Amino acid sequence: MEVTSTVDLDILISIDDLTNPSTGLATIAPLLDYLRARGYTEFRDEGILIEGWPVQFLPVADDLDAEGLDQAVTIEVDTESGSEPIRIAVLCPEHLVAKAVKIGRPKDRERIIRFLEENAVDLERLRDVLTRHKLLAEWSRMAAKLDLPDLDDEPFEQK
Amino acid sequence: MSHSNKNKGPRAYPNIGDILARKARGRHEIALMSFGQKIRMLDVMQAQVGPIRKAREARLVASSRPVSTVTASK
């Protein structure tokens, strides 16, 4: 897909690793302690500043997040010439689109259109995700307005 | 951090509404910046990703080169 710029970085984190067994409460304090020990102490509204970038750690907040994290795909990102690439788990396009459907802001709708226009989404898989997370009706409403394929129709056409 | 979902079935999730509200506030503040400030912000970001872009280009060039076969002489 065509790259787009962003001003911050969101990192989805598993609450399984952050839940205190004695209280049952999830806290990102250990993560912040780790970063503080390495000198990252400046906070902005968009997140903690790491090497000039605001980074927001978002605990999984629903079943869609949890599934997205569970099915994340690993990619390699280059760092500096000669260095080993960094391996990063990213959400697959279908979960990113489902998340955008759920949030539904104008910028999310733009994101959905871009994913579909660039044929970056497996529509069968997207329909499965939307169905599982009860977002198919919302998709149909959005699809009618934005001229997107109605995944409720069978068969639909994947470009 | 593991990204596995070990606990199946209904589970409780934290409310991250406050985090999202803070993010939205941050975005709104950026939106209120002048055009010049936004351009300067983009310049800084581009400078920050410069080494990553260069590394990526170098890797793509390296991977497009034909692989030479070296045969050891006896």
# chains A, B, ... in the order shown; residues from 1 in each chain; ligands from 1

call {"tool": "residues_around", "arguments": {"residues": "Phe57 in chain A", "least_positions_apart": "3", "cutoff": "7 Å", "atoms": "only C-alpha atoms", "output": "PyMOL selection string"}}
result
chain A and resi 10-13

call {"tool": "interface_residues", "arguments": {"of": "chain A", "to": "chain B", "cutoff": "7 Å", "atoms": "only C-alpha atoms", "output": "PyMOL selection string"}}
result
chain A and resi 14+17+26+45-46+61-62+66+69-70+78-81

call {"tool": "residues_around", "arguments": {"residues": "Glu2 in chain A", "least_positions_apart": "2", "cutoff": "10 Å", "atoms": "only C-alpha atoms", "output": "JSON list (two decimals) with N, CA and C atoms, in the first residue's frame"}}
result
[["chain", "number", "residue", "atom", "x", "y", "z"],
["A", 4, "THR", "N", 1.54, 6.35, 4.28],
["A", 4, "THR", "CA", 0.99, 7.62, 4.75],
["A", 4, "THR", "C", 1.78, 8.02, 5.98],
["A", 114, "ARG", "N", -9.11, 3.47, 1.39],
["A", 114, "ARG", "CA", -7.75, 3.28, 0.86],
["A", 114, "ARG", "C", -7.37, 1.80, 0.84],
["A", 115, "PHE", "N", -7.69, 1.09, 1.92],
["A", 115, "PHE", "CA", -7.37, -0.34, 1.98],
["A", 115, "PHE", "C", -8.08, -1.09, 0.85],
["A", 118, "GLU", "N", -6.81, -0.15, -2.78],
["A", 118, "GLU", "CA", -5.51, -0.72, -3.09],
["A", 118, "GLU", "C", -5.52, -2.24, -3.01]]

call {"tool": "residues_around", "arguments": {"residues": "Ile50 in chain A", "least_positions_apart": "3", "cutoff": "12 Å", "atoms": "only C-alpha atoms", "output": "ChimeraX atom specification"}}
result
/A:8-9,32,35-36,38-44,46-47,53-57 /B:48

call {"tool": "atom_distance", "arguments": {"atom1": "CA of Lys145 in chain A", "atom2": "CA of Arg105 in chain A"}}
result
13.8 Å

call {"tool": "select_by_dssp", "arguments": {"residues": "range 23-157 of chain A", "states": "alpha helix (DSSP H)", "output": "NGL selection string"}}
result
:A and (29-37 or 63-70 or 93-103 or 106-117 or 123-132 or 136-146)

call {"tool": "atom_distance", "arguments": {"atom1": "CA of Glu110 in chain A", "atom2": "CA of Asp150 in chain A"}}
result
17.0 Å

call {"tool": "atom_distance", "arguments": {"atom1": "CA of Lys38 in chain B", "atom2": "CA of Arg111 in chain A"}}
result
21.2 Å
